[in-house]
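Asker: So here's protein.txt (compact mmCIF, C-alpha atoms).
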# COMPACT_ATOMS: atom_id res chain seq x y z
CA MET U 71 -25.23 34.48 1.90
CA THR U 72 -21.44 34.53 2.17
CA ASP U 73 -19.61 31.48 3.45
CA SER U 74 -17.42 31.90 6.47
CA ALA U 75 -14.13 30.07 6.96
CA ALA U 76 -15.92 27.77 9.42
CA ASP U 77 -18.56 26.96 6.78
CA ARG U 78 -15.98 26.16 4.11
CA VAL U 79 -13.97 23.97 6.42
CA ALA U 80 -17.15 22.24 7.62
CA ARG U 81 -18.03 21.45 4.00
CA PHE U 82 -14.51 20.11 3.46
CA VAL U 83 -14.85 17.91 6.55
CA ASP U 84 -18.28 16.69 5.41
CA ASP U 85 -16.79 15.64 2.08
CA LEU U 86 -13.97 13.77 3.81
CA LEU U 87 -16.30 12.03 6.23
CA HIS U 88 -18.56 10.93 3.38
CA GLY U 89 -15.60 9.61 1.40
CA ARG U 90 -16.03 12.22 -1.34
CA ARG U 91 -13.35 14.15 -3.16
CA PRO U 92 -13.57 17.58 -1.48
CA ARG U 93 -14.75 20.59 -3.44
CA ARG U 94 -11.94 22.99 -4.30
CA PHE U 95 -11.78 26.59 -3.11
CA ALA U 96 -9.20 29.22 -2.29
CA ALA U 97 -8.32 28.62 1.34
CA SER U 98 -6.64 31.00 3.75
CA GLN U 99 -3.63 29.79 5.71
CA GLU U 100 -5.84 29.17 8.76
CA GLU U 101 -8.33 27.18 6.71
CA ALA U 102 -5.57 25.13 5.09
CA GLU U 103 -4.16 24.27 8.50
CA ALA U 104 -7.56 23.20 9.78
CA MET U 105 -8.17 21.16 6.62
CA SER U 106 -4.81 19.47 6.95
CA ALA U 107 -5.61 18.54 10.56
CA ALA U 108 -8.96 17.16 9.41
CA ALA U 109 -7.22 15.00 6.81
CA GLY U 110 -4.93 13.64 9.54
CA LEU U 111 -7.90 12.82 11.77
CA VAL U 112 -9.67 10.99 8.97
CA ALA U 113 -6.49 9.02 8.30
CA GLY U 114 -6.47 8.14 11.99
CA ARG U 115 -9.68 6.15 11.67
CA VAL U 116 -8.62 2.53 11.72
CA GLY U 117 -8.09 1.21 8.22
CA ALA U 118 -9.10 4.45 6.49
CA ASP U 119 -5.74 4.91 4.81
CA ILE U 120 -5.51 1.41 3.39
CA PRO U 121 -6.18 1.43 -0.37
CA ASP U 122 -8.68 -0.99 -1.83
CA LYS U 123 -7.63 -3.46 -4.48
CA ALA U 124 -9.55 -1.66 -7.25
CA ALA U 125 -7.58 1.54 -6.61
CA LEU U 126 -4.29 -0.34 -6.74
CA ASP U 127 -5.33 -2.04 -9.97
CA ARG U 128 -6.21 1.34 -11.55
CA ILE U 129 -2.84 2.81 -10.56
CA HIS U 130 -1.08 -0.25 -11.93
CA ARG U 131 -2.92 -0.08 -15.26
CA LYS U 132 -2.08 3.60 -15.75
CA LEU U 133 1.59 3.08 -14.91
CA SER U 134 1.71 0.11 -17.18
CA ALA U 135 0.30 2.08 -20.09
CA ALA U 136 2.43 5.15 -19.50
CA LEU U 137 5.66 3.27 -19.07
CA ASN U 138 5.05 1.64 -22.41
CA GLU U 139 5.10 -1.87 -21.12
CA SER U 140 2.60 -4.63 -21.46
CA PRO U 141 0.59 -5.06 -18.32
CA VAL U 142 2.11 -7.81 -16.25
CA LEU U 143 -0.06 -10.84 -16.69
CA ASP U 144 -1.83 -12.05 -13.63
CA LEU U 145 -1.30 -15.75 -13.93
CA ARG U 146 -3.11 -16.67 -10.80
CA PRO U 147 -5.32 -19.40 -12.14
CA THR U 148 -9.02 -18.98 -11.82
CA ARG U 149 -11.25 -21.89 -12.77
CA ARG U 150 -11.50 -20.45 -16.29
CA THR U 151 -7.80 -19.85 -16.79
CA TRP U 152 -7.09 -23.23 -15.29
CA LEU U 153 -9.08 -24.91 -18.05
CA ARG U 154 -7.24 -22.87 -20.67
CA THR U 155 -3.91 -23.60 -19.06
CA LEU U 156 -4.40 -27.35 -19.23
CA GLY U 157 -4.33 -27.27 -23.01
CA THR U 158 -1.05 -25.45 -23.38
CA ALA U 159 0.69 -26.40 -20.21
CA ALA U 160 2.78 -29.25 -21.55
CA ALA U 161 5.06 -27.00 -23.53
CA ALA U 162 5.29 -24.32 -20.93
CA VAL U 163 5.95 -26.02 -17.66
CA VAL U 164 8.34 -28.45 -16.17
CA VAL U 165 6.49 -31.62 -15.35
CA GLY U 166 7.02 -34.34 -12.81
CA VAL U 167 10.02 -32.96 -10.98
CA ALA U 168 10.53 -31.84 -7.46
CA LEU U 169 9.67 -28.26 -6.70
CA ASP U 170 13.28 -27.28 -6.03
CA GLU U 171 14.21 -28.44 -9.51
CA VAL U 172 11.43 -26.46 -11.06
CA ALA U 173 12.59 -23.39 -9.27
CA THR U 174 16.22 -23.68 -10.25
CA ASN U 175 15.46 -24.59 -13.84
CA GLN U 176 13.52 -21.44 -14.60
CA PRO U 177 15.08 -18.76 -16.75
CA GLN U 178 16.33 -15.84 -14.72
CA ALA U 179 13.61 -13.26 -14.34
CA GLY U 180 16.01 -10.44 -15.13
CA THR U 181 16.23 -11.63 -18.69
CA GLY U 182 12.61 -12.46 -19.18
CA ASP U 183 9.21 -10.91 -18.82
CA GLY U 184 8.64 -11.83 -15.17
CA VAL U 185 5.91 -14.29 -16.11
CA ALA U 186 5.60 -16.94 -13.47
CA PRO U 187 5.82 -20.58 -14.52
CA VAL U 188 3.00 -22.84 -13.42
CA LEU U 189 3.88 -25.92 -11.44
CA MET U 190 1.79 -28.69 -12.95
CA PRO U 191 2.75 -32.19 -11.86
CA ASP U 192 2.02 -35.16 -14.11
CA ASN U 193 0.11 -37.16 -11.60
CA GLY U 194 -1.28 -34.31 -9.54
CA THR U 195 -4.56 -34.30 -7.70
CA TRP U 196 -6.54 -31.61 -5.92
CA ARG U 197 -5.58 -31.64 -2.27
CA ARG U 198 -7.21 -29.64 0.49
CA VAL U 199 -4.81 -27.42 2.37
CA ALA U 200 -7.07 -25.09 4.37
CA ALA U 201 -10.61 -23.86 4.81
CA VAL U 202 -11.37 -20.52 3.16
CA THR U 203 -12.39 -19.20 6.56
CA GLU U 204 -8.86 -19.76 7.84
CA LEU U 205 -7.47 -17.28 5.34
CA PRO U 206 -9.02 -13.80 5.68
CA ALA U 207 -8.53 -11.19 2.96
CA GLY U 208 -5.14 -9.53 3.09
CA HIS U 209 -3.35 -12.58 4.45
CA ALA U 210 -0.91 -15.17 3.16
CA MET U 211 -0.51 -18.59 4.75
CA PRO U 212 2.26 -21.17 4.33
CA VAL U 213 0.90 -24.66 3.70
CA SER U 214 2.54 -28.00 3.02
CA THR U 215 1.25 -31.07 1.24
CA GLY U 216 4.23 -33.17 2.17
CA SER U 217 5.85 -32.96 -1.24
CA ILE U 218 5.28 -29.28 -1.81
CA ASP U 219 5.55 -26.18 0.34
CA ALA U 220 3.33 -23.38 -0.89
CA VAL U 221 1.98 -20.04 0.22
CA VAL U 222 -1.73 -19.47 -0.27
CA VAL U 223 -2.81 -15.84 -0.58
CA ASN U 224 -6.17 -14.12 -0.18
CA ASP U 225 -5.81 -10.80 -1.98
CA GLY U 226 -9.13 -9.04 -1.56
CA GLY U 227 -11.08 -12.25 -2.08
CA ASN U 228 -8.91 -13.63 -4.89
CA ILE U 229 -7.24 -16.82 -3.78
CA SER U 230 -3.90 -17.70 -5.36
CA ALA U 231 -0.92 -19.88 -4.50
CA VAL U 232 2.78 -19.77 -5.20
CA SER U 233 5.70 -21.93 -4.21
CA GLY U 234 6.74 -21.29 -0.64
CA ILE U 235 10.42 -21.92 -1.43
CA CYS U 236 12.83 -19.16 -2.37
CA THR U 237 14.15 -19.69 -5.89
CA HIS U 238 17.65 -18.69 -4.81
CA LEU U 239 18.76 -21.48 -2.47
CA GLY U 240 15.58 -23.04 -1.21
CA CYS U 241 14.82 -21.34 2.10
CA LYS U 242 11.18 -21.37 3.20
CA LEU U 243 9.54 -18.00 2.58
CA GLN U 244 7.91 -16.06 5.39
CA PRO U 245 4.75 -14.04 4.72
CA ASP U 246 4.85 -10.35 5.61
CA ASP U 247 1.15 -9.47 5.38
CA ALA U 248 1.53 -5.81 6.27
CA ASN U 249 3.73 -5.28 3.23
CA ARG U 250 2.02 -7.82 1.01
CA LYS U 251 5.20 -9.76 0.38
CA LEU U 252 7.05 -12.99 1.08
CA ASN U 253 10.49 -12.63 2.63
CA CYS U 254 13.36 -15.04 2.30
CA PRO U 255 14.80 -15.49 5.80
CA CYS U 256 18.23 -16.46 4.45
CA HIS U 257 19.17 -13.55 2.18
CA LEU U 258 17.86 -10.15 1.31
CA THR U 259 15.22 -11.19 -1.15
CA ALA U 260 11.49 -10.56 -1.21
CA PHE U 261 8.71 -11.69 -3.53
CA SER U 262 5.28 -10.24 -4.15
CA TRP U 263 2.19 -12.29 -3.46
CA SER U 264 2.08 -13.15 -7.15
CA GLY U 265 5.62 -14.53 -6.99
CA LYS U 266 7.46 -11.65 -8.61
CA VAL U 267 10.87 -10.67 -7.27
CA LEU U 268 10.52 -7.37 -5.43
CA TYR U 269 14.13 -6.93 -4.45
CA TYR U 270 17.27 -8.97 -4.00
CA LYS U 271 20.87 -8.68 -2.94
CA LEU U 272 22.49 -11.42 -4.95
CA LYS U 273 24.76 -11.64 -7.95
CA SER U 274 21.82 -12.16 -10.24
CA GLU U 275 18.10 -11.80 -9.97
CA PRO U 276 16.40 -14.96 -8.70
CA ALA U 277 13.59 -16.52 -10.70
CA THR U 278 9.93 -15.72 -10.21
CA LEU U 279 8.13 -18.10 -7.85
CA PRO U 280 6.18 -20.82 -9.65
CA GLN U 281 2.42 -20.53 -9.46
CA ILE U 282 0.49 -23.46 -8.09
CA PRO U 283 -2.98 -24.19 -9.48
CA VAL U 284 -5.55 -23.48 -6.81
CA ARG U 285 -9.31 -23.70 -6.49
CA VAL U 286 -11.95 -23.24 -3.87
CA ASN U 287 -14.19 -26.25 -3.55
CA ASP U 288 -16.96 -26.54 -0.98
CA GLY U 289 -15.37 -23.93 1.25
CA GLN U 290 -11.96 -25.58 1.06
CA ILE U 291 -8.82 -24.27 -0.62
CA GLU U 292 -7.34 -26.99 -2.80
CA LEU U 293 -4.00 -27.13 -4.61
CA PHE U 294 -3.23 -29.27 -7.66
CA VAL U 295 -0.18 -31.10 -6.38
CA VAL U 296 1.36 -34.52 -6.04
CA MET B 185 24.50 -1.32 -9.51
CA VAL B 186 23.63 -4.82 -8.30
CA ALA B 187 25.38 -5.54 -5.05
CA VAL B 188 27.57 -8.61 -5.14
CA THR B 189 27.18 -10.78 -2.10
CA GLU B 190 26.78 -14.50 -2.45
CA PRO B 191 26.95 -16.64 0.66
CA ARG B 192 30.28 -18.35 1.18
CA LEU B 193 28.64 -21.66 1.92
CA ALA B 194 25.74 -22.28 -0.39
CA GLY B 195 22.56 -23.05 1.45
CA LEU B 196 23.57 -21.57 4.78
CA PRO B 197 22.21 -18.27 6.00
CA ASP B 198 24.91 -15.64 6.06
CA PRO B 199 25.31 -12.43 8.05
CA GLU B 200 23.47 -10.43 5.40
CA VAL B 201 20.22 -11.46 6.95
CA ALA B 202 20.63 -8.89 9.70
CA GLU B 203 21.17 -6.04 7.26
CA ASP B 204 18.62 -3.51 6.20
CA PRO B 205 16.62 -4.77 3.21
CA ALA B 206 17.03 -1.30 1.77
CA SER B 207 20.52 -2.28 0.65
CA ALA B 208 18.97 -4.66 -1.86
CA VAL B 209 18.06 -3.83 -5.44
CA TYR B 210 14.82 -3.28 -7.36
CA PRO B 211 15.07 -5.03 -10.73
CA ASP B 212 12.30 -3.14 -12.54
CA TRP B 213 9.40 -0.72 -12.20
CA GLU B 214 6.93 -3.45 -11.39
CA ALA B 215 8.95 -4.33 -8.29
CA VAL B 216 9.12 -0.68 -7.25
CA TYR B 217 5.37 -0.42 -7.68
CA GLN B 218 4.51 -3.56 -5.77
CA ASP B 219 6.81 -2.82 -2.85
CA ASN B 220 5.84 0.83 -2.44
CA VAL B 221 2.38 1.56 -3.74
CA VAL B 222 0.61 0.95 -0.44
CA GLY B 223 3.15 3.00 1.54
CA ILE B 224 2.93 5.93 -0.86
CA TYR B 225 -0.86 5.80 -0.89
CA ARG B 226 -0.94 5.89 2.93
CA LEU B 227 1.59 8.69 3.03
CA VAL B 228 -0.50 10.93 0.77
CA PHE B 229 -3.80 9.87 2.36
CA ARG B 230 -2.58 11.32 5.66
CA ARG B 231 -2.27 14.71 3.95
CA VAL B 232 -5.46 14.73 1.87
CA GLY B 233 -7.85 12.56 3.89
CA ASN B 234 -9.78 11.08 0.99
CA ALA B 235 -9.36 8.08 -1.27
CA ALA B 236 -9.94 9.80 -4.63
CA ASP B 237 -7.19 12.37 -4.17
CA ALA B 238 -4.90 9.82 -2.51
CA GLU B 239 -5.23 7.51 -5.50
CA ASP B 240 -4.47 10.30 -8.00
CA LEU B 241 -1.52 11.60 -6.03
CA ALA B 242 -0.03 8.16 -5.35
CA GLU B 243 -0.23 7.48 -9.08
CA GLU B 244 1.44 10.81 -9.85
CA VAL B 245 4.25 10.16 -7.36
CA LEU B 246 4.97 6.73 -8.81
CA MET B 247 4.66 7.97 -12.38
CA GLN B 248 7.10 10.83 -11.89
CA THR B 249 9.55 8.61 -10.04
CA LEU B 250 9.43 5.73 -12.48
CA LYS B 251 9.81 7.97 -15.52
CA THR B 252 12.95 9.44 -13.99
CA LEU B 253 14.65 6.42 -12.47
CA ARG B 254 17.02 4.06 -14.17
CA LEU B 255 16.55 0.52 -12.98
CA PRO B 256 17.87 -1.69 -11.50
CA ALA B 257 18.50 0.68 -8.60
CA PRO B 258 19.15 0.29 -4.86
CA VAL B 259 16.01 0.10 -2.75
CA HIS B 260 17.07 2.89 -0.40
CA ASN B 261 17.73 5.29 -3.31
CA VAL B 262 14.37 4.56 -4.85
CA ARG B 263 12.48 4.96 -1.57
CA ALA B 264 14.23 8.25 -0.79
CA TYR B 265 13.36 9.54 -4.25
CA LEU B 266 9.74 8.44 -3.87
CA VAL B 267 9.34 10.35 -0.60
CA LYS B 268 10.89 13.51 -2.01
CA THR B 269 8.65 13.29 -5.05
CA ALA B 270 5.63 12.76 -2.80
CA ARG B 271 6.49 15.93 -0.90
CA THR B 272 6.54 17.97 -4.11
CA VAL B 273 3.39 16.39 -5.50
CA MET B 274 1.43 17.00 -2.28
CA ALA B 275 2.62 20.59 -2.05
CA ASP B 276 1.47 21.15 -5.65
CA HIS B 277 -1.89 19.65 -4.75
CA TRP B 278 -2.48 22.15 -1.95
CA ARG B 279 -1.22 25.02 -4.06
CA ARG B 280 -3.25 24.13 -7.15
CA HIS B 281 -6.59 23.22 -5.57
CA TYR B 282 -6.70 25.40 -2.49
CA ALA B 283 -4.32 28.25 -3.37
CA ALA B 284 -2.63 27.36 -0.10
CA ARG B 285 0.84 28.68 -0.82
CA ASP B 286 2.06 28.80 2.76
CA ALA B 287 0.80 25.32 3.56
CA ALA B 288 2.48 24.04 0.41
CA LEU B 289 5.74 25.71 1.32
CA GLU B 290 5.59 24.23 4.80
CA LEU B 291 5.05 20.81 3.32
CA GLU B 292 8.00 21.22 0.97
CA GLN B 293 10.24 22.08 3.88
CA LEU B 294 9.36 19.03 5.99
CA PRO B 295 12.17 16.51 6.39
CA PRO B 296 11.38 13.33 4.43
CA ASP B 297 11.27 11.27 7.64
CA ALA B 298 8.32 13.33 8.87
CA LEU B 299 6.33 12.24 5.85
CA LEU B 300 6.81 8.51 6.11
CA ALA B 301 3.62 6.60 6.67
CA PRO B 302 3.52 5.17 10.19
CA PRO B 303 2.82 1.51 10.96
CA ASN B 304 -0.79 0.46 10.62
CA ASN B 305 -2.12 1.50 14.02
CA GLU B 306 0.06 4.52 14.61
CA SER B 307 -2.15 6.99 12.74
CA ALA B 308 -5.03 6.05 15.02
CA GLU B 309 -2.89 6.34 18.15
CA ARG B 310 -1.55 9.69 17.02
CA ALA B 311 -5.08 10.99 16.43
CA GLN B 312 -6.13 9.81 19.90
CA ARG B 313 -3.13 11.46 21.53
CA LEU B 314 -3.85 14.68 19.69
CA LEU B 315 -7.48 14.71 20.81
CA GLY B 316 -6.33 14.11 24.38
CA LEU B 317 -4.37 17.36 24.32
CA LEU B 318 -7.33 19.55 23.31
CA PRO B 319 -9.63 21.51 25.61
CA ASP B 320 -12.79 19.53 26.44
CA ASN B 321 -15.25 21.21 24.08
CA PHE B 322 -12.80 21.02 21.16
CA LYS B 323 -12.09 17.39 21.92
CA ARG B 324 -15.82 16.66 22.13
CA ILE B 325 -16.76 18.18 18.78
CA LEU B 326 -13.92 16.41 16.98
CA GLU B 327 -14.71 13.07 18.63
CA LEU B 328 -18.37 13.36 17.66
CA ARG B 329 -17.54 14.29 14.08
CA PHE B 330 -14.47 12.17 13.29
CA LEU B 331 -14.77 9.16 15.56
CA ARG B 332 -18.51 8.77 15.87
CA GLY B 333 -19.47 10.12 12.46
CA TYR B 334 -22.04 12.67 13.68
CA SER B 335 -23.23 15.34 11.27
CA VAL B 336 -22.75 18.97 12.32
CA ARG B 337 -26.43 19.13 13.27
CA GLU B 338 -26.26 15.94 15.36
CA ALA B 339 -23.08 17.13 17.07
CA ALA B 340 -24.70 20.51 17.77
CA ASP B 341 -27.76 18.82 19.32
CA GLU B 342 -25.56 16.56 21.42
CA MET B 343 -23.56 19.52 22.71
CA GLY B 344 -26.55 21.82 23.16
CA VAL B 345 -25.30 24.52 20.77
CA THR B 346 -26.50 25.91 17.45
CA GLU B 347 -25.26 24.47 14.16
CA THR B 348 -23.40 27.68 13.44
CA ASN B 349 -21.66 27.47 16.79
CA ALA B 350 -20.78 23.84 16.16
CA ARG B 351 -19.18 24.74 12.81
CA VAL B 352 -17.15 27.53 14.39
CA MET B 353 -16.13 25.26 17.26
CA GLN B 354 -15.06 22.57 14.80
CA PHE B 355 -12.98 25.10 12.84
CA ARG B 356 -11.27 26.36 15.98
CA ALA B 357 -10.70 22.85 17.26
CA LEU B 358 -9.07 21.80 13.99
CA ARG B 359 -6.82 24.86 14.02
CA LYS B 360 -5.81 24.08 17.59
CA ALA B 361 -5.18 20.45 16.59
CA ALA B 362 -2.99 21.64 13.71
CA GLU B 363 -1.02 23.85 16.07
CA LEU B 364 -0.57 21.08 18.64
CA GLY B 365 0.30 18.61 15.91
CA LYS B 366 3.22 20.81 14.90
CA GLU B 367 4.38 21.66 18.40
CA VAL B 368 3.90 18.47 20.29
CA LEU B 369 3.62 15.52 18.00
CA THR B 370 6.20 16.09 15.30
Now, as a test, write the supplied structure out as structure tokens.
Answerer:
Amino acid sequence: MTDSAADRVARFVDDLLHGRRPRRFAASQEEAEAMSAAAGLVAGRVGADIPDKAALDRIHRKLSAALNESPVLDLRPTRRTWLRTLGTAAAAVVVGVALDEVATNQPQAGTGDGVAPVLMPDNGTWRRVAAVTELPAGHAMPVSTGSIDAVVVNDGGNISAVSGICTHLGCKLQPDDANRKLNCPCHLTAFSWSGKVLYYKLKSEPATLPQIPVRVNDGQIELFVV
Amino acid sequence: MVAVTEPRLAGLPDPEVAEDPASAVYPDWEAVYQDNVVGIYRLVFRRVGNAADAEDLAEEVLMQTLKTLRLPAPVHNVRAYLVKTARTVMADHWRRHYAARDAALELEQLPPDALLAPPNNESAERAQRLLGLLPDNFKRILELRFLRGYSVREAADEMGVTETNARVMQFRALRKAAELGKEVLT
């Protein structure tokens, strides 16, 4: 039985609607137009065109390998990395100073590897800043513990925290969830959720945002702060 | 390459804040990736309609761009280059996998602005507006299939036609939607 154009396009649509990569075939101009319209309609389903985190991670890994660079380390501390970090932290982080000082004392990211410093105060304790339920996936939330302003991020279920203060001149950062970044309201500078500088319009590149140790304990997000 | 604009009074916001962020600078490829990967993915998804192809094509667009660019580079230059690369990559996709030379050519001739991914809800609104312009039976078959997830058989039963008729109706409805999309919505 020979397929008609309507059959081939219907198969293409079925593949799209089932989330499959469509089978390839030689399409006429009319079929290609119909297929293109179908792709647009699928993209019109709410949320359909938003990539999942696994896809973004795969793209990042491939770019990283091809561009001959080491993958950028994800320093967001999990419970495991937190334990490892404690052992080596003394040499790597600035201890017992105000957050602004930490930020301005970091080496400029343009000369380094973009690795974020970890803010680890001498006499820190775990302090609750929000319930996990207050921070849905795909959102960032400014929090303050009095001594420290931070931004807590839920990136597809992974909770992390960075300083909420721009490393340029200390303005409070504003989350831009749609674009997964933190904007400085004072100058043209933006940071990723992991604290990396995305772009800037300054004489020199500002430093990466310090990471703040974070954990989830009994449904509460806690930061290790003073 | 890096624009020089420090505030005159340290600590005070300056007039730069009202400018377009695109006049800022990307320091390295990681920044280009993080700021654009979602936008590029959404842009290609609108043209291919499935996650597997969108992921491959988004990767290809970024790879080609990042291998060519010298960084640091102005944000607006990088974004313009990304969109132009996306146009070529998507046209190649249609040419290579579906032998769709005319569709590819049409894609290559689109102005870059027409390709930009719309804000989050705009794709859905655009789809709704498009459906609203179709004749009733075309609108019905596309709503059943794309919005309510009916199979061809289920849609045929719902509309009281044969499966073959439903497939033909779907094909014609999509062609009409493509035509209207070009004439009315772009």
Asker: Given all atoms listed in the file as the basis, pick out the residue of B:Met353, B:Val245, B:Leu294, B:Ala308 nearest to chain U.
Answerer: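 Among B:Met353, B:Val245, B:Leu294, B:Ala308, it is B:Ala308 that comes nearest to chain U.
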Asker: Could you please select, counting all atoms listed in the file, the residues of chain U within 7 Å of chain B and state them as a PyMOL selection string?
Answerer: chain U and resi 76-77+79-80+86+89-91+94-100+102-104+106-116+119-121+125+129+133+239+255-258+262+267-273
Asker: Calculate how many Å separate atom CA of Lys323 of chain B from atom CA of Glu342 of chain B, rounding to one decimal.
Answerer: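 Computed distance, atom CA of Lys323 of chain B to atom CA of Glu342 of chain B, equals 13.5 Å.
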Asker: In Å, with one decimal, what is the gap from atom CA of Pro283 of chain U to atom CA of Lys242 of chain U?
Answerer: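 That distance, rounded to one decimal, is 19.2 Å.
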Asker: If you measure from atom CA of Cys241 of chain U to atom CA of His260 of chain B, what distance in Å do you get, rounded to one decimal?
Answerer: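 A separation of 24.5 Å between them.
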Asker: Of the residues U:Ala248, U:Ala186, U:Met105, U:Ala136, which is the one nearest to Gln281 of chain U, using all atoms listed in the file?
Answerer: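 Selected residue with least distance to Gln281 of chain U: U:Ala186.
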Asker: Draw an axis-aligned box tight on the listed atoms of segment 217-232 of chain B, then pad every side by 5 Å and write out centre and edge lengths in Å to one decimal as JSON.
Answerer:
{"center_x": 0.7, "center_y": 5.6, "center_z": -1.0, "size_x": 22.3, "size_y": 28.3, "size_z": 23.3}
Asker: Restricting the calculation to only C-alpha atoms, which member of U:Lys266, U:Arg93, U:His238, U:Lys123 is positioned closest to Gly208 of chain U?
Answerer: U:Lys123
Asker: Using the incomplete input, complete segment 349-366 of chain B to the level of N, CA and C atoms; output as a short mmCIF file (atom, residue, chain, number, x, y, z; two decimals), in the coordinates of the input.
Answerer:
data_model
loop_
_atom_site.label_atom_id
_atom_site.label_comp_id
_atom_site.auth_asym_id
_atom_site.auth_seq_id
_atom_site.Cartn_x
_atom_site.Cartn_y
_atom_site.Cartn_z
N ASN B 349 -22.69 27.57 15.74
CA ASN B 349 -21.66 27.47 16.79
C ASN B 349 -20.83 26.20 16.66
N ALA B 350 -21.50 25.12 16.30
CA ALA B 350 -20.78 23.84 16.16
C ALA B 350 -19.75 23.93 15.03
N ARG B 351 -20.13 24.59 13.93
CA ARG B 351 -19.18 24.74 12.81
C ARG B 351 -17.97 25.56 13.23
N VAL B 352 -18.25 26.67 13.95
CA VAL B 352 -17.15 27.53 14.39
C VAL B 352 -16.25 26.77 15.38
N MET B 353 -16.91 26.02 16.27
CA MET B 353 -16.13 25.26 17.26
C MET B 353 -15.27 24.21 16.55
N GLN B 354 -15.83 23.58 15.55
CA GLN B 354 -15.06 22.57 14.80
C GLN B 354 -13.85 23.23 14.12
N PHE B 355 -14.07 24.39 13.51
CA PHE B 355 -12.98 25.10 12.84
C PHE B 355 -11.87 25.43 13.84
N ARG B 356 -12.27 25.98 14.96
CA ARG B 356 -11.27 26.36 15.98
C ARG B 356 -10.55 25.13 16.53
N ALA B 357 -11.30 24.08 16.72
CA ALA B 357 -10.70 22.85 17.26
C ALA B 357 -9.68 22.28 16.28
N LEU B 358 -10.01 22.33 15.00
CA LEU B 358 -9.07 21.80 13.99
C LEU B 358 -7.81 22.67 13.92
N ARG B 359 -8.00 23.98 14.03
CA ARG B 359 -6.82 24.86 14.02
C ARG B 359 -5.94 24.58 15.23
N LYS B 360 -6.58 24.39 16.38
CA LYS B 360 -5.81 24.08 17.59
C LYS B 360 -5.09 22.74 17.42
N ALA B 361 -5.79 21.77 16.82
CA ALA B 361 -5.18 20.45 16.59
C ALA B 361 -3.98 20.58 15.67
N ALA B 362 -4.11 21.44 14.65
CA ALA B 362 -2.99 21.64 13.71
C ALA B 362 -1.79 22.23 14.45
N GLU B 363 -2.10 23.18 15.31
CA GLU B 363 -1.02 23.85 16.07
C GLU B 363 -0.33 22.84 17.00
N LEU B 364 -1.14 22.08 17.73
CA LEU B 364 -0.57 21.08 18.64
C LEU B 364 0.20 20.00 17.89
N GLY B 365 -0.36 19.64 16.74
CA GLY B 365 0.30 18.61 15.91
C GLY B 365 1.70 19.03 15.56
N LYS B 366 1.88 20.30 15.26
CA LYS B 366 3.22 20.81 14.90
C LYS B 366 4.11 20.89 16.13
#
